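Structure file work_3.pdb (PDB, C-alpha atoms, pLDDT in the B column) is printed below.
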ATOM      1  CA  MET A   1      60.040  78.137 117.750  1.00 53.00           C
ATOM      2  CA  SER A   2      62.882  80.532 118.233  1.00 53.00           C
ATOM      3  CA  ARG A   3      64.921  81.675 115.309  1.00 58.00           C
ATOM      4  CA  VAL A   4      68.603  82.334 115.575  1.00 55.00           C
ATOM      5  CA  ALA A   5      69.740  85.313 113.609  1.00 53.00           C
ATOM      6  CA  PRO A   6      72.518  84.537 111.133  1.00 52.00           C
ATOM      7  CA  ALA A   7      75.943  85.858 111.973  1.00 50.00           C
ATOM      8  CA  ARG A   8      76.492  89.230 110.364  1.00 49.00           C
ATOM      9  CA  ARG A   9      79.694  90.573 108.964  1.00 47.00           C
ATOM     10  CA  ALA A  10      81.035  93.635 110.665  1.00 45.00           C
ATOM     11  CA  THR A  11      80.477  96.742 108.621  1.00 46.00           C
ATOM     12  CA  VAL A  12      82.755  99.715 108.614  1.00 46.00           C
ATOM     13  CA  CYS A  13      81.127 103.112 108.253  1.00 47.00           C
ATOM     14  CA  PRO A  14      83.675 105.693 107.204  1.00 50.00           C
ATOM     15  CA  PRO A  15      83.054 109.146 108.611  1.00 55.00           C
ATOM     16  CA  ALA A  16      81.397 111.660 106.343  1.00 60.00           C
ATOM     17  CA  ILE A  17      83.758 114.031 104.567  1.00 61.00           C
ATOM     18  CA  ALA A  18      83.174 117.683 105.333  1.00 63.00           C
ATOM     19  CA  PRO A  19      82.063 119.700 102.285  1.00 67.00           C
ATOM     20  CA  HIS A  20      84.946 122.188 102.547  1.00 62.00           C
ATOM     21  CA  ARG A  21      87.446 119.295 102.366  1.00 59.00           C
ATOM     22  CA  LEU A  22      85.822 118.087  99.153  1.00 61.00           C
ATOM     23  CA  ARG A  23      86.281 121.552  97.620  1.00 63.00           C
ATOM     24  CA  HIS A  24      89.887 122.116  98.642  1.00 59.00           C
ATOM     25  CA  ASP A  25      91.653 118.767  99.120  1.00 61.00           C
ATOM     26  CA  SER A  26      92.544 115.845  96.893  1.00 61.00           C
ATOM     27  CA  PHE A  27      91.527 112.330  97.879  1.00 65.00           C
ATOM     28  CA  GLU A  28      92.796 108.884  96.979  1.00 66.00           C
ATOM     29  CA  ASP A  29      91.074 105.542  97.389  1.00 67.00           C
ATOM     30  CA  ALA A  30      92.314 103.244 100.140  1.00 68.00           C
ATOM     31  CA  MET A  31      91.242  99.988 101.752  1.00 68.00           C
ATOM     32  CA  VAL A  32      90.868  99.811 105.527  1.00 69.00           C
ATOM     33  CA  GLU A  33      90.442  96.628 107.523  1.00 70.00           C
ATOM     34  CA  VAL A  34      88.734  96.726 110.909  1.00 67.00           C
ATOM     35  CA  ASP A  35      87.896  93.560 112.853  1.00 70.00           C
ATOM     36  CA  GLY A  36      88.300  91.360 109.786  1.00 74.00           C
ATOM     37  CA  ALA A  37      86.024  93.478 107.583  1.00 75.00           C
ATOM     38  CA  SER A  38      87.460  95.624 104.835  1.00 75.00           C
ATOM     39  CA  ALA A  39      85.988  98.771 103.374  1.00 72.00           C
ATOM     40  CA  ALA A  40      86.904 101.228 100.681  1.00 72.00           C
ATOM     41  CA  VAL A  41      87.505 104.695 102.061  1.00 68.00           C
ATOM     42  CA  LYS A  42      88.775 108.019 100.813  1.00 65.00           C
ATOM     43  CA  ARG A  43      92.070 109.223 102.286  1.00 65.00           C
ATOM     44  CA  VAL A  44      93.277 112.810 102.051  1.00 63.00           C
ATOM     45  CA  ALA A  45      96.239 112.926  99.678  1.00 60.00           C
ATOM     46  CA  THR A  46      97.151 116.504 100.549  1.00 59.00           C
ATOM     47  CA  GLN A  47      98.017 116.509 104.241  1.00 77.00           C
ATOM     48  CA  THR A  48     100.211 119.627 104.360  1.00 83.00           C
ATOM     49  CA  PRO A  49     100.162 122.971 102.548  1.00 85.00           C
ATOM     50  CA  LEU A  50     103.254 121.862 100.595  1.00 88.00           C
ATOM     51  CA  ASP A  51     101.334 118.797  99.370  1.00 86.00           C
ATOM     52  CA  ARG A  52      98.439 120.980  98.272  1.00 86.00           C
ATOM     53  CA  TYR A  53     100.695 123.485  96.506  1.00 88.00           C
ATOM     54  CA  ILE A  54     102.577 120.814  94.539  1.00 88.00           C
ATOM     55  CA  ARG A  55      99.316 119.039  93.663  1.00 85.00           C
ATOM     56  CA  ARG A  56      97.809 122.318  92.386  1.00 86.00           C
ATOM     57  CA  LYS A  57     101.053 123.108  90.529  1.00 89.00           C
ATOM     58  CA  LEU A  58     101.607 126.319  92.505  1.00 90.00           C
ATOM     59  CA  ILE A  59     105.208 125.280  93.273  1.00 90.00           C
ATOM     60  CA  GLU A  60     107.780 123.279  91.333  1.00 91.00           C
ATOM     61  CA  PRO A  61     109.087 119.822  92.292  1.00 91.00           C
ATOM     62  CA  ARG A  62     112.498 121.186  93.335  1.00 92.00           C
ATOM     63  CA  GLN A  63     110.797 123.729  95.601  1.00 92.00           C
ATOM     64  CA  PHE A  64     108.699 120.926  97.089  1.00 92.00           C
ATOM     65  CA  ALA A  65     111.814 118.792  97.706  1.00 92.00           C
ATOM     66  CA  ALA A  66     113.584 121.687  99.438  1.00 92.00           C
ATOM     67  CA  GLY A  67     110.545 122.377 101.613  1.00 91.00           C
ATOM     68  CA  GLU A  68     110.255 118.711 102.571  1.00 91.00           C
ATOM     69  CA  ARG A  69     113.936 118.623 103.520  1.00 91.00           C
ATOM     70  CA  LEU A  70     113.542 121.687 105.741  1.00 91.00           C
ATOM     71  CA  ALA A  71     110.483 120.100 107.367  1.00 90.00           C
ATOM     72  CA  ARG A  72     112.444 116.893 108.100  1.00 88.00           C
ATOM     73  CA  ASP A  73     115.254 118.889 109.696  1.00 87.00           C
ATOM     74  CA  TRP A  74     112.707 120.936 111.665  1.00 87.00           C
ATOM     75  CA  HIS A  75     111.087 117.813 113.081  1.00 84.00           C
ATOM     76  CA  SER A  76     114.475 116.165 113.739  1.00 82.00           C
ATOM     77  CA  ALA A  77     115.503 119.255 115.667  1.00 81.00           C
ATOM     78  CA  ARG A  78     112.248 119.033 117.620  1.00 77.00           C
ATOM     79  CA  MET A  79     111.626 122.718 117.213  1.00 67.00           C
ATOM     80  CA  GLU A  80     107.851 122.362 117.230  1.00 62.00           C
ATOM     81  CA  PRO A  81     106.161 123.284 120.507  1.00 57.00           C
ATOM     82  CA  ARG A  82     106.145 120.378 122.969  1.00 57.00           C
ATOM     83  CA  MET A  83     102.822 119.307 124.348  1.00 58.00           C
ATOM     84  CA  ILE A  84     104.013 116.566 126.697  1.00 61.00           C
ATOM     85  CA  ALA A  85     107.300 115.570 128.251  1.00 58.00           C
ATOM     86  CA  SER A  86     109.298 112.619 126.950  1.00 59.00           C
ATOM     87  CA  TYR A  87     111.741 110.474 128.905  1.00 59.00           C
ATOM     88  CA  ARG A  88     113.118 108.813 125.776  1.00 60.00           C
ATOM     89  CA  ASP A  89     116.195 111.077 125.729  1.00 55.00           C
ATOM     90  CA  LEU A  90     117.023 110.206 129.328  1.00 56.00           C
ATOM     91  CA  ILE A  91     117.160 106.452 128.750  1.00 58.00           C
ATOM     92  CA  ASP A  92     120.582 104.952 128.017  1.00 54.00           C
ATOM     93  CA  CYS A  93     120.463 103.641 124.449  1.00 55.00           C
ATOM     94  CA  GLY A  94     123.524 101.397 124.818  1.00 56.00           C
ATOM     95  CA  GLY A  95     125.812 102.446 121.972  1.00 56.00           C
ATOM     96  CA  MET A  96     123.160 104.149 119.869  1.00 57.00           C
ATOM     97  CA  PRO A  97     123.812 107.699 118.608  1.00 59.00           C
ATOM     98  CA  ASP A  98     123.092 110.400 121.124  1.00 61.00           C
ATOM     99  CA  PRO A  99     119.734 112.031 120.273  1.00 64.00           C
ATOM    100  CA  ALA A 100     120.870 115.342 121.759  1.00 68.00           C
ATOM    101  CA  VAL A 101     123.784 115.514 119.305  1.00 72.00           C
ATOM    102  CA  ASP A 102     121.523 114.660 116.349  1.00 78.00           C
ATOM    103  CA  ARG A 103     119.046 117.300 117.494  1.00 80.00           C
ATOM    104  CA  ALA A 104     121.827 119.894 117.782  1.00 82.00           C
ATOM    105  CA  HIS A 105     123.042 119.130 114.241  1.00 84.00           C
ATOM    106  CA  ALA A 106     119.484 119.385 112.909  1.00 84.00           C
ATOM    107  CA  ARG A 107     119.032 122.762 114.644  1.00 87.00           C
ATOM    108  CA  LYS A 108     122.213 124.043 112.985  1.00 90.00           C
ATOM    109  CA  ARG A 109     120.974 122.831 109.574  1.00 90.00           C
ATOM    110  CA  VAL A 110     117.634 124.608 110.126  1.00 88.00           C
ATOM    111  CA  ALA A 111     119.370 127.814 111.232  1.00 90.00           C
ATOM    112  CA  ARG A 112     121.654 127.767 108.151  1.00 92.00           C
ATOM    113  CA  ALA A 113     118.718 127.115 105.822  1.00 91.00           C
ATOM    114  CA  VAL A 114     116.578 129.894 107.296  1.00 90.00           C
ATOM    115  CA  ALA A 115     119.537 132.288 107.178  1.00 92.00           C
ATOM    116  CA  ALA A 116     120.093 131.377 103.513  1.00 91.00           C
ATOM    117  CA  VAL A 117     116.458 132.154 102.698  1.00 90.00           C
ATOM    118  CA  GLY A 118     116.820 135.598 104.250  1.00 89.00           C
ATOM    119  CA  PRO A 119     114.610 137.782 106.409  1.00 89.00           C
ATOM    120  CA  ILE A 120     112.018 138.600 103.751  1.00 88.00           C
ATOM    121  CA  ALA A 121     110.867 135.092 102.833  1.00 89.00           C
ATOM    122  CA  SER A 122     111.843 133.163 105.944  1.00 88.00           C
ATOM    123  CA  SER A 123     108.519 133.711 107.710  1.00 89.00           C
ATOM    124  CA  GLU A 124     106.529 132.284 104.779  1.00 92.00           C
ATOM    125  CA  VAL A 125     108.913 129.359 104.279  1.00 90.00           C
ATOM    126  CA  VAL A 126     108.945 128.398 107.966  1.00 90.00           C
ATOM    127  CA  SER A 127     105.180 128.884 108.236  1.00 90.00           C
ATOM    128  CA  VAL A 128     104.394 126.579 105.309  1.00 89.00           C
ATOM    129  CA  CYS A 129     107.178 123.982 105.541  1.00 88.00           C
ATOM    130  CA  CYS A 130     107.631 123.650 109.284  1.00 87.00           C
ATOM    131  CA  LEU A 131     104.458 124.865 110.977  1.00 87.00           C
ATOM    132  CA  GLU A 132     102.185 123.571 108.173  1.00 85.00           C
ATOM    133  CA  ARG A 133     100.205 126.795 107.891  1.00 88.00           C
ATOM    134  CA  PRO A 134      99.087 127.919 104.436  1.00 88.00           C
ATOM    135  CA  VAL A 135      99.947 131.354 103.116  1.00 88.00           C
ATOM    136  CA  GLY A 136      97.243 133.680 101.911  1.00 83.00           C
ATOM    137  CA  GLY A 137      97.259 135.879  98.858  1.00 85.00           C
ATOM    138  CA  ASN A 138      99.225 136.131  95.660  1.00 88.00           C
ATOM    139  CA  VAL A 139     101.992 138.284  97.137  1.00 92.00           C
ATOM    140  CA  ALA A 140     102.687 135.839  99.974  1.00 90.00           C
ATOM    141  CA  MET A 141     102.646 132.938  97.502  1.00 91.00           C
ATOM    142  CA  GLU A 142     105.205 134.682  95.292  1.00 92.00           C
ATOM    143  CA  ILE A 143     107.416 135.357  98.331  1.00 92.00           C
ATOM    144  CA  LEU A 144     107.084 131.671  99.279  1.00 91.00           C
ATOM    145  CA  ARG A 145     108.093 130.565  95.768  1.00 92.00           C
ATOM    146  CA  ARG A 146     111.160 132.803  95.781  1.00 93.00           C
ATOM    147  CA  GLY A 147     112.107 131.638  99.276  1.00 92.00           C
ATOM    148  CA  LEU A 148     111.764 127.987  98.231  1.00 92.00           C
ATOM    149  CA  ASP A 149     113.942 128.691  95.172  1.00 93.00           C
ATOM    150  CA  VAL A 150     116.674 130.089  97.409  1.00 92.00           C
ATOM    151  CA  LEU A 151     116.229 127.123  99.760  1.00 92.00           C
ATOM    152  CA  ALA A 152     116.539 124.682  96.843  1.00 92.00           C
ATOM    153  CA  ASP A 153     119.764 126.415  95.762  1.00 92.00           C
ATOM    154  CA  HIS A 154     121.038 126.227  99.348  1.00 91.00           C
ATOM    155  CA  TYR A 155     120.348 122.478  99.495  1.00 88.00           C
ATOM    156  CA  GLY A 156     121.653 121.902  95.961  1.00 88.00           C
ATOM    157  CA  VAL A 157     118.356 120.441  94.759  1.00 80.00           C
TER
END

Show me the file's structure as structure tokens.
Amino acid sequence: MSRVAPARRATVCPPAIAPHRLRHDSFEDAMVEVDGASAAVKRVATQTPLDRYIRRKLIEPRQFAAGERLARDWHSARMEPRMIASYRDLIDCGGMPDPAVDRAHARKRVARAVAAVGPIASSEVVSVCCLERPVGGNVAMEILRRGLDVLADHYGV
């Protein structure tokens, strides 16, 4: 007599979290559904250095808001290095705003913001806010804080 195995529910195995992430990052609980099965997983709450600095109270909320605004302008200006080509700009959008004009305006906003920060702190501010690279050391962190203060004043935050 042959036995038919009962239908099993699909199980979701979340990947193991690396030990260094557990030491340095904050996690939040989330539910993920895959093929009809749901599972509780941990999601990183601190994706960027700015997120980590605000979560650890190393920067103030107004500094965080100014850094986020610079990052949005940076990404709108598409100033990050391009990995692949895109034909989206070449397609006629039929009455939609011209992406090249929006990109040019965003580049001007980024240039004005970086000029307002000044030559001393601009490398730290661009590195953390735009390139998402953390700064190292207390001196660099203090320069970043002062640069973000100037940036917040520039934006009127």

- Task: Could you please determine the separation between atom CA of A:Val150 and atom CA of A:Gly67 in Å, to one decimal place?
- Result: 10.7 Å

- Can you work out the spacing between atom CA of A:Arg133 and atom CA of A:Thr48 in Å, to one decimal?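 Distance between the two atoms: 8.0 Å.
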
- Length of the atom CA of A:Val135 to atom CA of A:Lys108 vector [Å]: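 We find that atom CA of A:Val135 and atom CA of A:Lys108 lie 25.4 Å from each other.
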
Find the spatial neighbours of A:Leu131, counting all atoms listed in the file, within a cut-off of 12 Å - ignore same-chain residues fewer than 3 positions away - and output them as a PDB file with C-alpha atoms, keeping the file's coordinate frame.
ATOM      1  CA  THR A  48     100.211 119.627 104.360  1.00 83.00           C
ATOM      2  CA  PRO A  49     100.162 122.971 102.548  1.00 85.00           C
ATOM      3  CA  LEU A  50     103.254 121.862 100.595  1.00 88.00           C
ATOM      4  CA  GLY A  67     110.545 122.377 101.613  1.00 91.00           C
ATOM      5  CA  GLU A  68     110.255 118.711 102.571  1.00 91.00           C
ATOM      6  CA  LEU A  70     113.542 121.687 105.741  1.00 91.00           C
ATOM      7  CA  ALA A  71     110.483 120.100 107.367  1.00 90.00           C
ATOM      8  CA  ARG A  72     112.444 116.893 108.100  1.00 88.00           C
ATOM      9  CA  TRP A  74     112.707 120.936 111.665  1.00 87.00           C
ATOM     10  CA  HIS A  75     111.087 117.813 113.081  1.00 84.00           C
ATOM     11  CA  ARG A  78     112.248 119.033 117.620  1.00 77.00           C
ATOM     12  CA  MET A  79     111.626 122.718 117.213  1.00 67.00           C
ATOM     13  CA  GLU A  80     107.851 122.362 117.230  1.00 62.00           C
ATOM     14  CA  PRO A  81     106.161 123.284 120.507  1.00 57.00           C
ATOM     15  CA  SER A 123     108.519 133.711 107.710  1.00 89.00           C
ATOM     16  CA  GLU A 124     106.529 132.284 104.779  1.00 92.00           C
ATOM     17  CA  VAL A 125     108.913 129.359 104.279  1.00 90.00           C
ATOM     18  CA  VAL A 126     108.945 128.398 107.966  1.00 90.00           C
ATOM     19  CA  SER A 127     105.180 128.884 108.236  1.00 90.00           C
ATOM     20  CA  VAL A 128     104.394 126.579 105.309  1.00 89.00           C
ATOM     21  CA  PRO A 134      99.087 127.919 104.436  1.00 88.00           C
ATOM     22  CA  VAL A 135      99.947 131.354 103.116  1.00 88.00           C
TER      23      VAL A 135
END

- Item | Nearest to A:Phe64, chosen from A:Ala113, A:Cys129, A:Ile120, A:Ala140, with all atoms listed in the file counted in the distances |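 Going through A:Ala113, A:Cys129, A:Ile120, A:Ala140 one by one, the smallest distance to A:Phe64 is for A:Cys129.
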
- For A:Arg145: contacts at 9 Å, only C-alpha atoms, fewer than 4 positions along chain excluded, given as a count of residues only: 10

- Of the listed residues A:Arg55, A:Gly36, A:Asp153, A:Ser76, that which approaches A:Cys130 most closely, counting only C-alpha atoms: A:Ser76

- Identify all residues satisfying the PyMOL selection byres ((chain A and resi 111) around 12) in the given file; provide them as a list in words.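 On the file shown, the PyMOL selection byres ((chain A and resi 111) around 12) covers Leu70, Asp73, Trp74, Ala77, Met79, Ala104, His105, Ala106, Arg107, Lys108, Arg109, Val110, Arg112, Ala113, Val114, Ala115, Ala116, Val117, Gly118, Ser122, Val126 and Leu151 of chain A.
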